[in-house]
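Shown below: start-v8.cif, with mmCIF, C-alpha atoms.
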```
data_work
#
loop_
_atom_site.label_atom_id
_atom_site.label_comp_id
_atom_site.auth_asym_id
_atom_site.auth_seq_id
_atom_site.Cartn_x
_atom_site.Cartn_y
_atom_site.Cartn_z
CA MET C 774 64.87 49.28 46.10
CA SER C 775 66.11 46.19 44.28
CA HIS C 776 67.41 45.95 40.75
CA PRO C 777 67.24 42.27 39.77
CA THR C 778 68.53 41.14 36.44
CA SER C 779 66.10 38.24 36.13
CA ILE C 780 62.37 37.90 36.48
CA THR C 781 61.19 37.35 40.03
CA PRO C 782 58.00 35.53 41.03
CA PRO C 783 55.01 37.56 42.16
CA ARG C 784 54.85 38.58 45.79
CA PRO C 785 51.63 38.23 47.80
CA ARG C 786 49.97 41.52 48.66
CA GLY C 787 48.38 40.47 51.93
CA GLU C 788 45.15 38.70 52.64
CA GLY C 789 42.79 38.46 49.72
CA ALA C 790 44.99 40.51 47.41
CA SER C 791 42.85 41.73 44.53
CA THR C 792 43.94 41.81 40.91
CA GLY C 793 46.10 44.79 40.14
CA ARG C 794 46.60 46.51 36.84
CA VAL C 795 49.25 47.24 34.21
CA VAL C 796 50.02 50.66 32.77
CA LEU C 797 52.29 50.93 29.73
CA VAL C 798 54.07 54.25 30.17
CA GLY C 799 56.03 56.01 27.45
CA GLY C 800 59.08 57.60 29.05
CA GLY C 801 60.05 59.88 26.20
CA PRO C 802 63.47 60.28 24.57
CA GLY C 803 65.60 60.43 27.72
CA ALA C 804 65.23 63.70 29.61
CA GLU C 805 63.28 63.27 32.83
CA ASP C 806 61.35 66.50 32.32
CA LEU C 807 59.96 65.21 29.02
CA LEU C 808 57.97 62.58 30.90
CA THR C 809 54.28 63.50 30.87
CA VAL C 810 52.28 64.54 33.92
CA ARG C 811 50.09 61.46 33.49
CA ALA C 812 53.17 59.23 33.44
CA HIS C 813 54.38 60.75 36.72
CA ARG C 814 50.97 60.13 38.30
CA HIS C 815 51.06 56.44 37.44
CA LEU C 816 54.66 56.07 38.64
CA ALA C 817 53.62 57.60 41.96
CA ARG C 818 51.08 54.77 42.38
CA ALA C 819 53.32 51.93 41.23
CA THR C 820 54.32 49.03 43.44
CA VAL C 821 56.37 47.45 40.63
CA VAL C 822 58.12 49.17 37.73
CA VAL C 823 59.24 46.98 34.84
CA THR C 824 61.74 49.14 33.01
CA ASP C 825 63.55 49.16 29.68
CA ARG C 826 67.15 50.18 29.01
CA LEU C 827 66.15 53.39 27.23
CA ALA C 828 63.60 54.51 29.81
CA PRO C 829 64.46 57.67 31.79
CA ARG C 830 66.10 55.89 34.72
CA GLY C 831 66.49 59.07 36.73
CA VAL C 832 62.80 59.11 37.64
CA LEU C 833 63.24 55.79 39.43
CA ARG C 834 65.34 57.50 42.11
CA ASP C 835 62.29 59.42 43.26
CA LEU C 836 60.19 56.32 43.90
CA GLY C 837 59.69 55.10 47.43
CA PRO C 838 61.60 52.16 48.94
CA HIS C 839 58.48 50.01 48.67
CA VAL C 840 58.62 50.10 44.85
CA GLU C 841 60.33 47.13 43.23
CA ILE C 842 62.32 47.82 40.05
CA VAL C 843 62.57 44.97 37.55
CA ASP C 844 65.08 45.59 34.76
CA VAL C 845 64.21 43.81 31.51
CA GLY C 846 66.27 46.07 29.27
CA LYS C 847 67.29 44.89 25.83
CA THR C 848 70.34 45.87 23.81
CA PRO C 849 70.61 45.51 20.03
CA TYR C 850 70.52 41.81 19.11
CA HIS C 851 70.65 40.83 22.80
CA HIS C 852 67.42 40.20 24.68
CA PRO C 853 68.27 38.66 28.08
CA VAL C 854 64.58 38.67 29.02
CA PRO C 855 62.51 37.51 26.02
CA GLN C 856 59.28 39.30 25.21
CA HIS C 857 57.09 36.35 26.18
CA GLU C 858 58.70 36.36 29.62
CA ILE C 859 58.01 40.07 30.00
CA ASN C 860 54.38 39.46 29.03
CA ARG C 861 54.13 36.71 31.62
CA LEU C 862 55.70 38.88 34.30
CA LEU C 863 53.22 41.70 33.75
CA VAL C 864 50.25 39.37 34.12
CA GLU C 865 51.64 37.54 37.15
CA ARG C 866 52.45 40.68 39.07
CA ALA C 867 49.06 42.22 38.32
CA ARG C 868 47.33 39.02 39.45
CA ALA C 869 49.30 39.26 42.69
CA GLY C 870 47.72 42.66 43.29
CA ASP C 871 50.54 44.89 42.11
CA TYR C 872 50.11 48.24 40.39
CA VAL C 873 52.52 47.52 37.54
CA VAL C 874 54.07 50.31 35.49
CA ARG C 875 55.82 49.12 32.36
CA LEU C 876 58.22 52.01 31.74
CA LYS C 877 59.54 52.29 28.19
CA GLY C 878 61.66 54.75 26.29
CA GLY C 879 59.85 56.85 23.71
CA ASP C 880 56.26 55.81 23.02
CA PRO C 881 54.94 52.30 23.77
CA TYR C 882 53.30 52.02 20.35
CA VAL C 883 56.28 53.20 18.28
CA PHE C 884 58.48 50.10 17.89
CA GLY C 885 57.99 49.50 21.60
CA ARG C 886 55.93 46.29 21.54
CA GLY C 887 53.31 48.05 23.59
CA GLY C 888 50.55 46.62 21.45
CA GLU C 889 51.75 43.06 22.12
CA GLU C 890 51.88 43.66 25.86
CA LEU C 891 48.48 45.30 26.06
CA ALA C 892 46.89 42.52 24.00
CA HIS C 893 48.49 39.85 26.21
CA CYS C 894 47.32 41.51 29.41
CA ARG C 895 43.76 41.99 28.23
CA ALA C 896 43.58 38.43 26.92
CA ALA C 897 44.51 37.33 30.45
CA GLY C 898 41.78 39.49 31.95
CA ILE C 899 44.15 42.12 33.33
CA GLU C 900 43.16 45.76 33.20
CA CYS C 901 45.72 47.55 31.06
CA GLU C 902 46.09 51.02 29.61
CA VAL C 903 48.70 52.99 27.70
CA VAL C 904 50.21 56.39 28.43
CA PRO C 905 51.74 57.84 25.26
CA GLY C 906 55.25 59.22 25.36
CA VAL C 907 57.34 61.58 23.26
CA THR C 908 58.85 59.42 20.54
CA SER C 909 62.50 59.85 19.65
CA ALA C 910 61.47 59.68 16.00
CA PHE C 911 60.43 63.32 16.29
CA ALA C 912 62.14 64.42 19.51
CA ALA C 913 65.67 63.47 18.46
CA PRO C 914 65.56 65.52 15.25
CA ALA C 915 64.02 68.39 17.24
CA ALA C 916 66.95 68.29 19.67
CA ALA C 917 69.24 68.89 16.69
CA ASP C 918 67.10 71.71 15.28
CA ILE C 919 65.71 69.47 12.54
CA PRO C 920 61.95 69.79 11.92
CA VAL C 921 60.78 66.55 10.35
CA THR C 922 58.22 68.59 8.40
CA HIS C 923 58.85 72.13 7.21
CA ARG C 924 56.79 74.24 4.84
CA GLY C 925 58.33 74.29 1.38
CA VAL C 926 60.78 71.51 2.28
CA SER C 927 58.91 68.43 3.50
CA THR C 928 55.24 67.72 4.03
CA GLY C 929 55.47 64.15 5.27
CA VAL C 930 57.50 61.67 7.31
CA LEU C 931 58.22 58.01 6.63
CA LEU C 932 59.19 56.25 9.87
CA VAL C 933 60.89 52.84 9.65
CA SER C 934 62.71 50.38 11.90
CA GLY C 935 66.27 49.55 10.99
CA HIS C 936 65.87 46.10 12.51
CA ASP C 937 63.46 45.01 9.81
CA GLU C 938 64.00 44.39 6.13
CA LEU C 939 63.59 47.67 4.34
CA SER C 940 62.67 48.32 0.72
CA PRO C 941 65.37 50.67 -0.61
CA GLN C 942 63.18 51.54 -3.58
CA VAL C 943 60.28 52.61 -1.36
CA LEU C 944 62.63 54.75 0.75
CA ALA C 945 64.32 56.20 -2.32
CA ASP C 946 61.00 57.07 -3.96
CA TRP C 947 59.59 58.73 -0.83
CA PRO C 948 59.83 62.48 -1.60
CA HIS C 949 59.82 63.72 1.99
CA THR C 950 61.63 63.04 5.27
CA VAL C 951 62.75 59.53 6.22
CA VAL C 952 63.41 58.75 9.88
CA VAL C 953 65.07 55.47 10.84
CA LEU C 954 65.09 54.15 14.40
CA MET C 955 67.37 51.30 15.51
CA GLY C 956 69.28 51.50 12.24
CA MET C 957 72.84 52.30 13.27
CA GLY C 958 74.09 48.77 12.66
CA ARG C 959 72.94 49.04 9.04
CA LEU C 960 73.69 52.67 8.35
CA ARG C 961 76.31 52.09 5.67
CA GLU C 962 74.18 49.42 4.02
CA LEU C 963 71.11 51.65 4.10
CA CYS C 964 72.90 54.63 2.53
CA ALA C 965 74.42 52.50 -0.24
CA ALA C 966 71.04 50.91 -0.98
CA LEU C 967 69.32 54.30 -1.23
CA VAL C 968 71.94 55.57 -3.66
CA ALA C 969 71.67 52.37 -5.72
CA ALA C 970 67.88 52.83 -5.81
CA GLY C 971 68.23 56.32 -7.26
CA ARG C 972 68.48 58.69 -4.31
CA PRO C 973 71.24 61.28 -4.98
CA ALA C 974 74.41 60.63 -3.01
CA SER C 975 74.28 64.30 -1.98
CA THR C 976 71.00 63.78 -0.08
CA ARG C 977 71.47 65.23 3.38
CA VAL C 978 71.57 62.94 6.41
CA ALA C 979 71.86 63.57 10.13
CA VAL C 980 72.47 61.14 12.96
CA VAL C 981 71.44 62.23 16.46
CA GLN C 982 72.88 60.22 19.33
CA GLN C 983 71.26 60.08 22.79
CA ALA C 984 69.01 63.06 22.20
CA TRP C 985 67.97 65.16 25.20
CA THR C 986 70.69 63.74 27.43
CA PRO C 987 74.08 65.21 28.42
CA ASP C 988 75.69 62.80 25.94
CA GLU C 989 73.76 64.11 22.94
CA ARG C 990 75.78 64.55 19.76
CA THR C 991 74.77 65.24 16.17
CA VAL C 992 76.64 64.53 12.96
CA ARG C 993 75.48 65.89 9.60
CA GLY C 994 76.58 64.69 6.20
CA ASP C 995 75.09 63.10 3.11
CA LEU C 996 74.41 59.58 1.88
CA ALA C 997 77.93 59.35 0.53
CA SER C 998 79.71 60.50 3.67
CA ILE C 999 77.58 59.95 6.76
CA ALA C 1000 78.72 56.39 7.55
CA ASP C 1001 82.38 57.45 7.57
CA LEU C 1002 81.60 60.57 9.62
CA VAL C 1003 79.69 58.54 12.20
CA LEU C 1004 82.59 56.11 12.44
CA ALA C 1005 85.13 58.90 12.82
CA GLU C 1006 83.08 60.62 15.53
CA ARG C 1007 82.31 57.32 17.28
CA ILE C 1008 78.58 57.87 17.22
CA THR C 1009 76.80 54.84 18.66
CA ASN C 1010 73.38 53.60 19.71
CA PRO C 1011 70.89 54.81 20.67
CA ALA C 1012 70.70 57.14 17.71
CA THR C 1013 68.12 58.41 15.24
CA ILE C 1014 68.82 58.73 11.51
CA VAL C 1015 67.16 61.52 9.52
CA VAL C 1016 67.30 61.61 5.72
CA GLY C 1017 66.21 64.57 3.61
CA PRO C 1018 66.64 68.31 3.10
CA VAL C 1019 65.06 69.10 6.48
CA VAL C 1020 68.49 68.31 7.93
CA ASP C 1021 69.58 71.80 6.88
CA ALA C 1022 66.18 73.55 6.97
CA LEU C 1023 66.98 75.67 10.02
CA PRO C 1024 70.04 77.65 11.07
CA LEU C 1025 71.75 76.29 14.17
CA GLY C 1026 71.55 78.78 17.01
CA ASP C 1027 71.96 79.06 20.75
CA ALA C 1028 68.78 77.09 21.39
CA HIS C 1029 70.40 74.09 19.75
CA ALA C 1030 73.13 74.02 22.39
CA ALA C 1031 70.91 74.80 25.36
CA HIS C 1032 70.56 71.20 26.51
CA ALA C 1033 73.67 69.57 25.08
CA VAL C 1034 76.84 70.27 23.16
CA PRO C 1035 76.56 68.59 19.76
CA VAL C 1036 79.23 67.61 17.28
CA SER C 1037 78.31 68.97 13.84
CA VAL C 1038 80.21 68.03 10.72
#
```
Full structure transcribed into structure tokens:
Amino acid sequence: MSHPTSITPPRPRGEGASTGRVVLVGGGPGAEDLLTVRAHRHLARATVVVTDRLAPRGVLRDLGPHVEIVDVGKTPYHHPVPQHEINRLLVERARAGDYVVRLKGGDPYVFGRGGEELAHCRAAGIECEVVPGVTSAFAAPAAADIPVTHRGVSTGVLLVSGHDELSPQVLADWPHTVVVLMGMGRLRELCAALVAAGRPASTRVAVVQQAWTPDERTVRGDLASIADLVLAERITNPATIVVGPVVDALPLGDAHAAHAVPVSV
């Protein structure tokens, strides 16, 4: 099994190789056993797996030696393989007759560019489908015993990307839970903007790092303190930010520590 760091050209699949297909598979938040049964079925048929950095890499160990692994993982603000190159790779490998699994962390349609990839494949005449995955937007809070909705506390969720320009007033006016993905680099800025827009500085906030992995840790605080707490505890990406009273809606019990040992402040 090879692990190239750059895109390789398509390989011929024998005489008269027919067009293959592309399957966009959501790998969930990190734990291998949170991958769906359907995802496992497609991985078992794959001849090429194009994987992201946050995909559950452990499942790749179980693939046969005939399966080629192409790593196109991105890190924050560093995309060694641009999206248009990934799109091209998917089409080329499918045209060469490969059964291509595009393995992503979370869900392909939740800030995963799955829609762009599916549209590109279908525009090129390549059969393409999506397998939904468990998104960290809900799974990461769950790992920390935080229900994003809870009767009498929150009846809605506003999900935003920290990479994009956010409207602090919209977030401050939202009366329910706010979940921010990919927002760690702007955490202090986000908290200050919410307070400036009228959200009480005492509003509860949690940051869950690497949910459902052995490295999971959780820090709880409020808008006034969370950035300093995260810095002190050295909480880093990937992490999910949860804002609202649901942070303290449930007591923390043994179930919370069953899969990881968190840091709670």
Seminar exercise, completed: One residue among C:Arg794, C:Thr922, C:Pro802, C:Gln942 is nearest to Asp871 of chain C when using all atoms listed in the file, and that residue is C:Arg794
Exercise. Any idea what the distance is between atom CA of Val864 of chain C and atom CA of Thr820 of chain C?
Worked result: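 Computing the Euclidean distance for atom CA of Val864 of chain C and atom CA of Thr820 of chain C yields 14.0 Å.
The space separating atom CA of Gly925 of chain C from atom CA of Ala910 of chain C comes to 20.9 Å.
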Exercise. Which of these residues is nearest to Val921 of chain C, using all atoms listed in the file: C:Glu858, C:Glu902, C:Asp1021, C:Glu805?
Worked result: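 Nearest to Val921 of chain C: C:Asp1021.
Separating atom CA of Leu807 of chain C from atom CA of Ala979 of chain C is a distance of 22.4 Å.
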